[in-house]
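S.K.: Sharing my_file-v8.tsv (TSV, C-alpha atoms and all ligand atoms) below.
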```tsv
chain	number	residue	atom	x	y	z
M	1	MET	CA	9.10	6.39	-0.34
M	2	GLU	CA	6.35	8.35	1.38
M	3	GLU	CA	5.84	10.55	-1.69
M	4	VAL	CA	5.74	7.58	-4.03
M	5	LEU	CA	3.08	5.83	-1.94
M	6	THR	CA	0.92	8.66	-0.61
M	7	ASN	CA	1.37	11.79	-2.78
M	8	PRO	CA	-2.21	13.16	-3.02
M	9	LYS	CA	-2.07	13.30	-6.84
M	10	ALA	CA	0.14	10.46	-8.00
M	11	GLY	CA	0.77	8.24	-4.94
M	12	PHE	CA	0.61	4.49	-5.57
M	13	TYR	CA	-2.25	3.98	-3.09
M	14	ILE	CA	-4.17	7.15	-3.77
M	15	ASN	CA	-6.35	6.59	-6.83
M	16	ARG	CA	-6.86	2.88	-7.27
M	17	ASP	CA	-7.39	-0.60	-5.92
M	18	VAL	CA	-3.97	-2.26	-5.98
M	19	PHE	CA	-4.91	-5.53	-4.27
M	20	GLY	CA	-5.69	-9.05	-5.49
M	21	ALA	CA	-5.00	-11.13	-8.59
M	22	GLN	CA	-5.78	-8.22	-10.96
M	23	GLY	CA	-3.77	-5.73	-8.88
M	24	ASP	CA	-0.13	-5.61	-7.79
M	25	PHE	CA	-0.02	-7.81	-4.69
M	26	ILE	CA	-2.20	-9.90	-2.43
M	27	THR	CA	-2.46	-9.69	1.36
M	28	SER	CA	-3.60	-12.24	3.97
M	29	PRO	CA	-7.13	-10.79	4.47
M	30	GLU	CA	-7.65	-11.07	0.70
M	31	VAL	CA	-6.44	-14.68	0.72
M	32	SER	CA	-9.11	-15.95	3.12
M	33	GLN	CA	-11.93	-14.72	5.39
M	34	MET	CA	-10.31	-16.82	8.14
M	35	PHE	CA	-7.55	-14.24	8.59
M	36	GLY	CA	-9.92	-11.42	9.66
M	37	GLU	CA	-11.92	-13.89	11.74
M	38	MET	CA	-8.82	-14.99	13.68
M	39	VAL	CA	-7.82	-11.35	14.27
M	40	GLY	CA	-11.39	-10.93	15.58
M	41	VAL	CA	-10.82	-13.80	18.04
M	42	TRP	CA	-7.64	-12.04	19.21
M	43	ALA	CA	-9.47	-8.72	19.66
M	44	MET	CA	-12.38	-10.33	21.51
M	45	CYS	CA	-10.04	-12.16	23.92
M	46	LEU	CA	-8.24	-8.88	24.63
M	47	TRP	CA	-11.60	-7.17	25.20
M	48	GLU	CA	-12.43	-9.90	27.77
M	49	GLN	CA	-9.08	-9.25	29.49
M	50	MET	CA	-9.87	-5.53	29.47
M	51	GLY	CA	-12.96	-6.30	31.60
M	52	GLN	CA	-15.49	-6.16	28.73
M	53	PRO	CA	-15.74	-2.35	28.53
M	54	LYS	CA	-19.03	-1.00	27.11
M	55	ASP	CA	-17.29	1.34	24.67
M	56	VAL	CA	-14.06	0.62	22.82
M	57	ASN	CA	-12.26	2.30	19.93
M	58	LEU	CA	-11.36	-0.36	17.37
M	59	VAL	CA	-8.78	1.29	15.11
M	60	GLU	CA	-7.38	-0.23	11.94
M	61	LEU	CA	-4.29	1.37	10.40
M	62	GLY	CA	-4.15	1.10	6.59
M	63	PRO	CA	-7.22	-1.08	6.03
M	64	GLY	CA	-6.74	-1.59	2.25
M	65	ARG	CA	-10.05	-2.85	0.84
M	66	GLY	CA	-11.56	-3.13	4.35
M	67	THR	CA	-11.71	-6.93	4.10
M	68	LEU	CA	-10.02	-7.68	7.45
M	69	MET	CA	-12.43	-5.39	9.34
M	70	ALA	CA	-15.46	-6.80	7.49
M	71	ASP	CA	-14.47	-10.40	8.30
M	72	LEU	CA	-13.72	-9.44	11.91
M	73	LEU	CA	-17.14	-7.76	12.40
M	74	HIS	CA	-19.08	-10.39	10.50
M	75	GLY	CA	-17.30	-13.26	12.26
M	76	ALA	CA	-17.86	-11.73	15.71
M	77	SER	CA	-21.42	-10.52	15.09
M	78	LYS	CA	-22.97	-13.31	17.22
M	79	PHE	CA	-21.02	-12.05	20.25
M	80	LYS	CA	-23.26	-9.05	20.71
M	81	ASN	CA	-21.71	-7.65	23.91
M	82	PHE	CA	-18.38	-7.44	22.12
M	83	THR	CA	-19.54	-6.03	18.78
M	84	GLU	CA	-21.95	-3.55	20.40
M	85	SER	CA	-19.02	-1.99	22.26
M	86	LEU	CA	-17.02	-1.19	19.11
M	87	HIS	CA	-16.54	2.27	17.62
M	88	VAL	CA	-14.70	1.53	14.39
M	89	HIS	CA	-12.03	3.96	13.17
M	90	MET	CA	-10.33	3.44	9.82
M	91	VAL	CA	-7.00	5.28	9.40
M	92	GLU	CA	-6.57	5.56	5.64
M	93	CYS	CA	-4.82	8.16	3.47
M	94	SER	CA	-6.36	7.10	0.15
M	95	PRO	CA	-9.78	8.57	-0.74
M	96	ALA	CA	-10.31	5.78	-3.30
M	97	LEU	CA	-9.64	3.09	-0.68
M	98	GLN	CA	-11.85	4.89	1.87
M	99	GLN	CA	-14.74	4.57	-0.60
M	100	LEU	CA	-13.98	0.91	-1.17
M	101	GLN	CA	-13.84	0.27	2.60
M	102	ARG	CA	-17.23	1.95	2.99
M	103	LYS	CA	-18.68	-0.51	0.47
M	104	THR	CA	-16.97	-3.56	1.99
M	105	LEU	CA	-18.30	-2.67	5.45
M	106	LYS	CA	-21.78	-2.23	3.93
M	107	CYS	CA	-22.11	1.25	5.41
M	108	ILE	CA	-25.21	3.38	5.43
M	109	ASP	CA	-25.69	7.02	6.42
M	110	LYS	CA	-27.75	7.30	9.56
M	111	ALA	CA	-29.89	10.43	9.76
M	112	ASP	CA	-29.06	11.95	13.16
M	113	THR	CA	-32.09	13.79	14.48
M	114	SER	CA	-30.69	14.47	17.96
M	115	GLU	CA	-30.15	18.04	19.17
M	116	ASN	CA	-26.40	17.39	19.28
M	117	ALA	CA	-26.25	16.19	15.69
M	118	GLU	CA	-23.19	18.27	14.88
M	119	ASN	CA	-21.36	16.77	17.87
M	120	ALA	CA	-22.30	13.21	16.97
M	121	GLU	CA	-19.21	10.99	16.62
M	122	SER	CA	-20.22	9.38	13.33
M	123	SER	CA	-23.40	9.11	11.36
M	124	VAL	CA	-22.07	6.28	9.21
M	125	ILE	CA	-23.02	2.79	10.36
M	126	SER	CA	-21.67	-0.55	9.16
M	127	THR	CA	-24.64	-2.86	8.77
M	128	LEU	CA	-22.41	-5.94	9.30
M	129	ALA	CA	-22.72	-5.68	13.09
M	130	GLY	CA	-24.30	-2.22	13.53
M	131	ASN	CA	-21.12	-0.26	14.41
M	132	PRO	CA	-20.43	3.45	13.93
M	133	VAL	CA	-17.53	3.88	11.48
M	134	SER	CA	-15.37	6.93	10.81
M	135	TRP	CA	-12.34	7.63	8.66
M	136	HIS	CA	-9.16	9.56	9.52
M	137	ALA	CA	-5.99	10.40	7.61
M	138	SER	CA	-3.78	9.64	10.63
M	139	LEU	CA	-3.86	8.06	14.11
M	140	GLU	CA	-3.63	11.53	15.75
M	141	GLN	CA	-7.07	12.33	14.34
M	142	VAL	CA	-8.83	9.41	16.05
M	143	PRO	CA	-10.78	10.80	19.04
M	144	SER	CA	-9.16	9.67	22.29
M	145	GLY	CA	-10.66	8.87	25.68
M	146	LEU	CA	-11.80	5.25	25.24
M	147	PRO	CA	-10.00	1.95	25.78
M	148	THR	CA	-8.47	1.16	22.41
M	149	ILE	CA	-7.69	-1.89	20.28
M	150	ILE	CA	-5.43	-1.15	17.32
M	151	ILE	CA	-4.83	-3.45	14.35
M	152	ALA	CA	-1.95	-2.81	11.93
M	153	HIS	CA	-1.73	-5.43	9.20
M	154	GLU	CA	0.83	-4.64	6.49
M	155	PHE	CA	0.87	-0.99	7.56
M	156	TYR	CA	4.37	-0.62	9.00
M	157	ASP	CA	5.96	-2.03	5.83
M	158	ALA	CA	4.57	0.93	3.89
M	159	LEU	CA	6.18	3.54	6.18
M	160	PRO	CA	9.30	5.22	4.72
M	161	VAL	CA	12.68	3.78	5.62
M	162	HIS	CA	16.08	5.45	5.55
M	163	GLN	CA	19.03	3.39	4.28
M	164	PHE	CA	22.60	3.81	5.48
M	165	GLN	CA	25.82	2.43	4.06
M	166	LYS	CA	29.15	2.03	5.85
M	167	ALA	CA	31.81	4.18	4.13
M	168	SER	CA	35.36	5.22	5.07
M	169	ARG	CA	33.90	8.51	6.42
M	170	GLY	CA	31.35	6.65	8.60
M	171	TRP	CA	27.68	5.74	8.12
M	172	CYS	CA	26.29	7.67	5.12
M	173	GLU	CA	22.63	7.92	4.17
M	174	LYS	CA	21.62	6.69	0.71
M	175	MET	CA	19.91	9.54	-1.12
M	176	VAL	CA	18.09	9.69	-4.47
M	177	ASP	CA	19.74	11.88	-7.12
M	178	VAL	CA	18.34	13.07	-10.48
M	179	GLN	CA	20.67	12.48	-13.41
M	180	GLU	CA	21.01	14.65	-16.53
M	181	ASP	CA	18.62	12.45	-18.51
M	182	SER	CA	16.06	12.88	-15.65
M	183	SER	CA	16.43	9.28	-14.46
M	184	PHE	CA	17.14	8.54	-10.79
M	185	ARG	CA	20.16	6.98	-9.11
M	186	PHE	CA	21.29	6.35	-5.54
M	187	VAL	CA	24.16	8.41	-4.08
M	188	LEU	CA	25.69	8.60	-0.60
M	189	SER	CA	25.28	11.69	1.58
M	190	PRO	CA	28.53	13.67	1.94
M	191	GLN	CA	27.89	14.23	5.66
M	192	PRO	CA	25.56	12.96	8.41
M	193	THR	CA	21.85	13.71	7.82
M	194	PRO	CA	19.14	14.31	10.47
M	195	SER	CA	18.12	10.64	10.14
M	196	ASN	CA	21.53	9.59	11.52
M	197	LEU	CA	20.03	10.33	14.94
M	198	TYR	CA	17.58	7.47	14.42
M	199	LEU	CA	20.44	5.22	13.29
M	200	LEU	CA	22.30	5.95	16.52
M	201	LYS	CA	19.14	5.25	18.51
M	202	ARG	CA	18.64	1.92	16.71
M	203	PHE	CA	22.27	0.95	17.42
M	204	LYS	CA	21.69	1.62	21.14
M	205	TRP	CA	19.12	-1.21	21.05
M	206	ALA	CA	21.38	-3.70	19.23
M	207	ALA	CA	24.19	-5.92	20.49
M	208	PRO	CA	27.67	-4.82	19.24
M	209	GLU	CA	28.13	-8.21	17.52
M	210	GLU	CA	24.85	-7.64	15.64
M	211	ILE	CA	26.15	-4.34	14.23
M	212	ALA	CA	29.74	-5.43	13.63
M	213	ASN	CA	29.15	-7.32	10.38
M	214	LEU	CA	26.66	-4.92	8.83
M	215	GLU	CA	27.59	-2.90	5.73
M	216	GLN	CA	24.05	-1.53	5.27
M	217	VAL	CA	21.30	-0.66	7.73
M	218	GLU	CA	17.68	0.39	7.31
M	219	VAL	CA	15.76	2.37	9.93
M	220	CYS	CA	12.14	3.52	9.96
M	221	PRO	CA	11.77	6.74	12.01
M	222	LYS	CA	8.04	6.99	11.17
M	223	GLY	CA	7.55	3.45	12.48
M	224	MET	CA	9.30	4.34	15.74
M	225	ASP	CA	7.23	7.53	16.14
M	226	LEU	CA	3.97	5.74	15.32
M	227	THR	CA	4.77	3.05	17.90
M	228	GLN	CA	5.29	5.69	20.57
M	229	LYS	CA	1.88	7.21	19.76
M	230	ILE	CA	0.28	3.76	19.99
M	231	SER	CA	2.05	3.07	23.25
M	232	LYS	CA	0.87	6.37	24.79
M	233	ILE	CA	-2.77	5.71	23.81
M	234	ILE	CA	-2.67	2.18	25.23
M	235	SER	CA	-1.03	3.25	28.47
M	236	ALA	CA	-3.47	6.16	28.97
M	237	TYR	CA	-6.74	4.41	28.10
M	238	GLY	CA	-6.06	0.64	28.28
M	239	GLY	CA	-6.22	-1.94	25.51
M	240	GLY	CA	-3.61	-3.17	23.06
M	241	ALA	CA	-2.28	-3.27	19.53
M	242	LEU	CA	-1.64	-6.15	17.14
M	243	ILE	CA	1.00	-5.69	14.47
M	244	ILE	CA	1.33	-8.29	11.72
M	245	ASP	CA	3.80	-7.80	8.90
M	246	TYR	CA	6.76	-9.29	7.10
M	247	GLY	CA	9.97	-8.44	8.83
M	248	LEU	CA	12.83	-9.53	11.04
M	249	ASN	CA	13.46	-10.06	14.73
M	250	GLY	CA	16.69	-8.03	14.42
M	251	VAL	CA	18.32	-5.09	12.62
M	252	VAL	CA	17.26	-4.92	8.96
M	253	SER	CA	20.15	-4.55	6.54
M	254	GLU	CA	18.65	-3.88	3.11
M	255	SER	CA	15.09	-4.87	2.25
M	256	LEU	CA	13.41	-2.00	0.38
M	257	GLN	CA	11.57	-3.56	-2.56
M	258	ALA	CA	9.21	-2.60	-5.38
M	259	ILE	CA	6.39	-4.88	-6.54
M	260	ARG	CA	4.30	-4.34	-9.67
M	261	LYS	CA	1.77	-6.90	-10.94
M	262	HIS	CA	3.08	-9.55	-8.50
M	263	LYS	CA	6.70	-9.19	-9.67
M	264	PHE	CA	9.74	-7.54	-8.10
M	265	VAL	CA	10.87	-4.53	-10.18
M	266	ASP	CA	13.58	-1.82	-9.95
M	267	ILE	CA	12.85	0.53	-7.01
M	268	LEU	CA	13.60	3.67	-9.03
M	269	ASP	CA	11.63	2.67	-12.13
M	270	ASP	CA	8.50	4.78	-12.81
M	271	PRO	CA	7.82	5.83	-9.18
M	272	GLY	CA	4.14	5.63	-8.21
M	273	SER	CA	3.43	2.67	-10.50
M	274	ALA	CA	4.73	-0.02	-8.10
M	275	ASP	CA	4.30	-0.72	-4.40
M	276	LEU	CA	7.33	0.13	-2.26
M	277	SER	CA	7.72	-1.70	1.01
M	278	ALA	CA	10.42	-2.71	3.47
M	279	TYR	CA	10.86	-5.38	6.12
M	280	VAL	CA	9.59	-4.35	9.53
M	281	ASP	CA	12.22	-4.10	12.26
M	282	PHE	CA	10.27	-5.72	15.14
M	283	PRO	CA	12.83	-5.03	17.93
M	284	ALA	CA	12.67	-1.30	17.00
M	285	ILE	CA	8.90	-1.46	17.62
M	286	LYS	CA	9.41	-3.24	20.96
M	287	TYR	CA	12.03	-0.77	22.24
M	288	SER	CA	10.14	2.30	20.95
M	289	ALA	CA	6.98	1.16	22.78
M	290	GLU	CA	8.81	0.42	26.03
M	291	GLU	CA	10.89	3.61	25.86
M	292	VAL	CA	7.87	5.87	26.04
M	293	SER	CA	5.81	4.09	28.72
M	294	GLU	CA	6.38	1.74	31.64
M	295	ASP	CA	2.70	0.77	31.54
M	296	VAL	CA	2.87	-1.33	28.38
M	297	SER	CA	4.35	-4.76	27.68
M	298	VAL	CA	5.38	-6.06	24.29
M	299	TYR	CA	5.00	-9.71	23.22
M	300	GLY	CA	6.45	-11.51	20.20
M	301	PRO	CA	7.23	-11.47	17.42
M	302	MET	CA	5.92	-14.94	16.65
M	303	MET	CA	5.36	-16.46	13.23
M	304	GLN	CA	1.95	-15.92	11.62
M	305	SER	CA	1.55	-19.71	11.27
M	306	GLN	CA	1.96	-20.14	15.07
M	307	PHE	CA	-0.28	-17.16	15.80
M	308	LEU	CA	-3.16	-18.37	13.61
M	309	SER	CA	-2.83	-21.99	14.70
M	310	ALA	CA	-2.87	-21.09	18.40
M	311	LEU	CA	-6.02	-19.02	17.82
M	312	GLY	CA	-7.76	-22.03	16.27
M	313	ILE	CA	-7.60	-21.58	12.48
M	314	ASN	CA	-7.47	-25.39	12.11
M	315	PHE	CA	-10.86	-25.72	13.82
M	316	ARG	CA	-12.28	-22.87	11.76
M	317	VAL	CA	-11.25	-24.39	8.44
M	318	GLU	CA	-12.70	-27.76	9.48
M	319	ALA	CA	-16.00	-26.11	10.44
M	320	LEU	CA	-16.22	-24.17	7.17
M	321	LEU	CA	-15.42	-27.31	5.15
M	322	GLN	CA	-18.49	-29.05	6.64
M	323	ASN	CA	-20.84	-26.83	4.72
M	324	CYS	CA	-19.53	-25.74	1.33
M	325	THR	CA	-19.35	-26.58	-2.37
M	326	ASP	CA	-16.35	-28.42	-3.89
M	327	GLU	CA	-15.14	-25.13	-5.36
M	328	GLN	CA	-15.38	-23.36	-1.99
M	329	ALA	CA	-13.57	-26.28	-0.32
M	330	GLU	CA	-10.69	-25.96	-2.79
M	331	SER	CA	-10.45	-22.23	-2.14
M	332	LEU	CA	-10.61	-22.72	1.65
M	333	ARG	CA	-7.81	-25.31	1.59
M	334	THR	CA	-5.59	-23.18	-0.68
M	335	GLY	CA	-6.25	-20.11	1.45
M	336	TYR	CA	-5.48	-21.99	4.67
M	337	TRP	CA	-2.13	-23.24	3.34
M	338	ARG	CA	-1.15	-19.83	2.02
M	339	LEU	CA	-1.79	-18.28	5.45
M	340	VAL	CA	0.06	-20.88	7.48
M	341	GLY	CA	2.44	-22.31	4.85
M	342	ASP	CA	6.17	-21.76	4.59
M	343	GLY	CA	7.44	-18.80	2.49
M	344	GLU	CA	9.68	-21.08	0.46
M	345	ALA	CA	7.88	-24.40	0.07
M	346	PRO	CA	5.59	-25.87	-1.13
M	347	PHE	CA	4.26	-22.85	-3.00
M	348	TRP	CA	7.46	-21.28	-4.18
M	349	GLU	CA	7.92	-22.67	-7.65
M	350	GLY	CA	7.82	-19.62	-9.90
M	351	PRO	CA	10.58	-17.63	-11.62
M	352	ASP	CA	13.00	-15.53	-9.55
M	353	ASP	CA	11.15	-12.22	-9.86
M	354	GLN	CA	7.82	-13.69	-8.72
M	355	VAL	CA	6.71	-12.83	-5.19
M	356	PRO	CA	6.59	-15.99	-3.00
M	357	ILE	CA	3.09	-16.73	-1.77
M	358	GLY	CA	3.40	-18.77	1.46
M	359	MET	CA	2.84	-16.32	4.31
M	360	GLY	CA	3.06	-18.41	7.50
M	361	THR	CA	6.76	-17.98	8.24
M	362	ARG	CA	7.55	-14.70	6.47
M	363	TYR	CA	4.91	-12.76	8.42
M	364	LEU	CA	5.36	-12.11	12.14
M	365	ALA	CA	2.90	-11.01	14.84
M	366	MET	CA	3.65	-8.71	17.77
M	367	ALA	CA	1.36	-7.33	20.49
M	368	ILE	CA	1.68	-4.19	22.62
M	369	VAL	CA	-0.72	-4.23	25.58
M	370	ASN	CA	-1.43	-2.27	28.72
M	371	LYS	CA	0.18	-4.21	31.61
M	372	LYS	CA	-3.17	-4.22	33.45
M	373	GLN	CA	-4.52	-6.57	30.78
M	374	GLY	CA	-2.00	-9.34	31.51
M	375	VAL	CA	-0.53	-11.49	28.76
M	376	PRO	CA	-2.58	-11.46	25.53
M	377	VAL	CA	-3.51	-14.66	23.67
M	378	PRO	CA	-1.70	-16.51	22.16
M	379	PHE	CA	1.55	-15.10	23.57
M	380	GLN	CA	1.29	-16.92	26.96
M	401	LIG	C1	0.05	-2.77	2.11
M	401	LIG	S1	-1.52	-2.02	2.23
M	401	LIG	C2	-2.29	-3.09	3.42
M	401	LIG	C3	-3.78	-3.10	3.33
M	401	LIG	C4	-4.52	-4.03	4.31
M	401	LIG	N1	-4.11	-3.82	5.68
M	401	LIG	C5	-4.37	-5.47	3.92
M	401	LIG	O1	-3.64	-6.18	4.61
M	401	LIG	O2	-4.97	-5.88	2.91
M	401	LIG	C6	-1.21	-0.51	3.11
M	401	LIG	C7	-2.45	0.30	3.47
M	401	LIG	O3	-2.04	1.43	4.24
M	401	LIG	C8	-2.49	2.65	3.64
M	401	LIG	N2	-1.45	3.63	3.91
M	401	LIG	C9	-0.16	3.60	3.50
M	401	LIG	N3	0.54	4.64	4.02
M	401	LIG	C10	-0.32	5.33	4.78
M	401	LIG	C11	-0.21	6.50	5.60
M	401	LIG	N4	0.95	7.15	5.71
M	401	LIG	N5	-1.30	6.94	6.27
M	401	LIG	C12	-2.49	6.27	6.17
M	401	LIG	N6	-2.66	5.15	5.41
M	401	LIG	C13	-1.60	4.69	4.72
M	401	LIG	C14	-2.66	2.28	2.18
M	401	LIG	O4	-3.50	3.15	1.49
M	401	LIG	C15	-3.23	0.87	2.31
M	401	LIG	O5	-4.59	0.89	2.66
```
Could I get this file's structure written as structure tokens?
M.R.:
Amino acid sequence: MEEVLTNPKAGFYINRDVFGAQGDFITSPEVSQMFGEMVGVWAMCLWEQMGQPKDVNLVELGPGRGTLMADLLHGASKFKNFTESLHVHMVECSPALQQLQRKTLKCIDKADTSENAENAESSVISTLAGNPVSWHASLEQVPSGLPTIIIAHEFYDALPVHQFQKASRGWCEKMVDVQEDSSFRFVLSPQPTPSNLYLLKRFKWAAPEEIANLEQVEVCPKGMDLTQKISKIISAYGGGALIIDYGLNGVVSESLQAIRKHKFVDILDDPGSADLSAYVDFPAIKYSAEEVSEDVSVYGPMMQSQFLSALGINFRVEALLQNCTDEQAESLRTGYWRLVGDGEAPFWEGPDDQVPIGMGTRYLAMAIVNKKQGVPVPFQ
């Protein structure tokens, strides 16, 4: 899964823009500017709870086209104390998407004439709210030392999962085999694999009755490891993380899916030409975060519709509707309902292989915060 998505030569994300109507799938920030703006409200409230620090690392994991960050910065640009504190860090593995993000954030190169030019943190500035911006291939590469706010929207679902199936010899990992005609097929491992350790860990966090009826289980070791890194940063420097994704508030059985041109396709067909993603196991995030530090608390998951409504998306759409053309009003209303609407109705009318478009109930929000910050909005 990791190879298919991020291989430096042929990975799905590496060389192209896969988002939007012309691409393979659409995400909430691409549906409406209101999504990034509401995430901005969340970040600003957390910053207030952090005591309004003068310097903050604002990290986005997997920023896609950079639309969420652009809407966040643009929407918050009137709140100067907040935006002036932000050092923006984009964690992105795709050089093509890094370039696109640079454009979306309207970045310019700032000539650094200071004596310490080579030590300067970043000489790229986003003109949206005047913030320094830098890019990193992974979270480990983001410079530490500052209070940190981390946003992960549809990032965890792209991290590789391991699938297990119950067999007479115990839980066996599903592996990919190459057949004589060079096509792929799934086979079961003859004996336990190293990933079985993560399966055992996941079972420790589940109730026996939850496991009893399962024939298949998915675990995401990279998601657990990433959460522990996030948790350590937040406990050492203060701040919090917001994770929004589609997923479950329980063990995930079998969810790995491939999407090409807005349709579900066979996972093993033409790897690298379709997006692979899996449901996010939110309890695994909660327990991983709490396991590594006593200084963080985890809140949620709550449905995206609840999260956005509690942050005031209804007021925002009303305000935007006051001053727009008929065409813009139509797009605002459609966008609003896609963000808060049900995954099944009223938008789910297409054929079986079409990806449903209502995002309000399928997407969940979870926050990990330093205990010193108290309970983050809107999880009170
Ligand atoms: C599903 S897209 C979500 C994009 C964006 N957050 C949005 O909601 O529109 C996943 C993003 O994560 C990036 N990505 C995936 N795996 C990654 C990895 N292992 N390291 C860094 N970035 C990764 C992709 O290139 C892409 O930008």
S.K.: When you draw a straight line from CA of Gly360 in chain M to CA of Met303 in chain M, how long is it in Å?
M.R.: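 CA of Met303 in chain M lies 6.5 Å from CA of Gly360 in chain M.
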S.K.: For a quick check of understanding, using all atoms listed in the file, which of M:Leu321, M:Leu139, M:Leu5, M:Val178 has the smallest distance to Leu61 in chain M?
M.R.: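 Going through M:Leu321, M:Leu139, M:Leu5, M:Val178 one by one, the smallest distance to Leu61 in chain M is for M:Leu139.
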S.K.: Find the spatial neighbours of range 167-171 of chain M, counting only C-alpha atoms, within a cut-off of 10 Å - ignore same-chain residues fewer than 6 positions away - and output them as a ChimeraX atom specification.
M.R.: /M:188-193,196,199-200,215-217
S.K.: Name all residues at most 12 Å from Val280 in chain M (count all atoms listed in the file; drop same-chain ones fewer than 4 positions away) and give them as a tab-separated table (two decimals) with C-alpha atoms, keeping the file's coordinate frame.
M.R.:
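Writing done, so here's around19.tsv:
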```
chain	number	residue	atom	x	y	z
M	152	ALA	CA	-1.95	-2.81	11.93
M	153	HIS	CA	-1.73	-5.43	9.20
M	154	GLU	CA	0.83	-4.64	6.49
M	155	PHE	CA	0.87	-0.99	7.56
M	156	TYR	CA	4.37	-0.62	9.00
M	157	ASP	CA	5.96	-2.03	5.83
M	158	ALA	CA	4.57	0.93	3.89
M	159	LEU	CA	6.18	3.54	6.18
M	160	PRO	CA	9.30	5.22	4.72
M	161	VAL	CA	12.68	3.78	5.62
M	218	GLU	CA	17.68	0.39	7.31
M	219	VAL	CA	15.76	2.37	9.93
M	220	CYS	CA	12.14	3.52	9.96
M	221	PRO	CA	11.77	6.74	12.01
M	222	LYS	CA	8.04	6.99	11.17
M	223	GLY	CA	7.55	3.45	12.48
M	224	MET	CA	9.30	4.34	15.74
M	243	ILE	CA	1.00	-5.69	14.47
M	244	ILE	CA	1.33	-8.29	11.72
M	245	ASP	CA	3.80	-7.80	8.90
M	246	TYR	CA	6.76	-9.29	7.10
M	247	GLY	CA	9.97	-8.44	8.83
M	248	LEU	CA	12.83	-9.53	11.04
M	249	ASN	CA	13.46	-10.06	14.73
M	250	GLY	CA	16.69	-8.03	14.42
M	251	VAL	CA	18.32	-5.09	12.62
M	252	VAL	CA	17.26	-4.92	8.96
M	253	SER	CA	20.15	-4.55	6.54
M	254	GLU	CA	18.65	-3.88	3.11
M	255	SER	CA	15.09	-4.87	2.25
M	256	LEU	CA	13.41	-2.00	0.38
M	284	ALA	CA	12.67	-1.30	17.00
M	285	ILE	CA	8.90	-1.46	17.62
M	286	LYS	CA	9.41	-3.24	20.96
M	301	PRO	CA	7.23	-11.47	17.42
M	362	ARG	CA	7.55	-14.70	6.47
M	363	TYR	CA	4.91	-12.76	8.42
M	364	LEU	CA	5.36	-12.11	12.14
M	365	ALA	CA	2.90	-11.01	14.84
M	366	MET	CA	3.65	-8.71	17.77
```
S.K.: Could you tell me, counting all atoms listed in the file, which protein and nucleic acid residues lie no more than 6 Å from ligand LIG 401 (chain M), written as number ranges by chain?
M.R.: M: 13, 27, 29, 62-64, 91-94, 137-138, 153-155, 158
S.K.: Let me see the file: selected residues, C-alpha atoms, as a PDB file, in the coordinates of the input.
M.R.:
```pdb
ATOM      1  CA  TYR M  13      -2.250   3.980  -3.090  1.00  0.00           C
ATOM      2  CA  THR M  27      -2.460  -9.690   1.360  1.00  0.00           C
ATOM      3  CA  PRO M  29      -7.130 -10.790   4.470  1.00  0.00           C
ATOM      4  CA  GLY M  62      -4.150   1.100   6.590  1.00  0.00           C
ATOM      5  CA  PRO M  63      -7.220  -1.080   6.030  1.00  0.00           C
ATOM      6  CA  GLY M  64      -6.740  -1.590   2.250  1.00  0.00           C
ATOM      7  CA  VAL M  91      -7.000   5.280   9.400  1.00  0.00           C
ATOM      8  CA  GLU M  92      -6.570   5.560   5.640  1.00  0.00           C
ATOM      9  CA  CYS M  93      -4.820   8.160   3.470  1.00  0.00           C
ATOM     10  CA  SER M  94      -6.360   7.100   0.150  1.00  0.00           C
ATOM     11  CA  ALA M 137      -5.990  10.400   7.610  1.00  0.00           C
ATOM     12  CA  SER M 138      -3.780   9.640  10.630  1.00  0.00           C
ATOM     13  CA  HIS M 153      -1.730  -5.430   9.200  1.00  0.00           C
ATOM     14  CA  GLU M 154       0.830  -4.640   6.490  1.00  0.00           C
ATOM     15  CA  PHE M 155       0.870  -0.990   7.560  1.00  0.00           C
ATOM     16  CA  ALA M 158       4.570   0.930   3.890  1.00  0.00           C
TER      17      ALA M 158
END
```
S.K.: Interatomic distance between CA of Ala274 in chain M and CA of Val176 in chain M?
M.R.: 16.9 Å
S.K.: Between CA of Asn314 in chain M and CA of Ala43 in chain M, what is the distance in Å, rounded to a tenth?
M.R.: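 We find that CA of Asn314 in chain M and CA of Ala43 in chain M lie 18.4 Å from each other.
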S.K.: With only C-alpha atoms as the basis for distance, which of M:Ile230, M:Ile125, M:Val142, M:Val88 is at the shortest distance from Leu72 in chain M?
M.R.: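 Nearest to Leu72 in chain M: M:Val88.
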S.K.: Please determine, counting all atoms listed in the file, which residue among M:Val41, M:Ala96, M:Ala10, M:Ala241 has the shortest atom-to-atom distance to Gln373 in chain M.
M.R.: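 That would be M:Ala241, the residue with the smallest distance to Gln373 in chain M.
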S.K.: Check the smallest atom-to-atom distance from each of M:Phe164, M:Thr83, M:Lys110, M:Lys229 to Leu214 in chain M using all atoms listed in the file, then report the winner.
M.R.: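 Among the listed residues, M:Phe164 lies closest to Leu214 in chain M.
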S.K.: Using all atoms of range 320-332 of chain M that appear in the file, construct an axis-aligned enclosing box with 3 Å of padding on every side and provide its centre coordinates and edge lengths in Å, rounded to one decimal, as JSON.
M.R.:
```
{"center_x": -15.6, "center_y": -25.6, "center_z": 0.9, "size_x": 16.4, "size_y": 12.8, "size_z": 18.5}
```
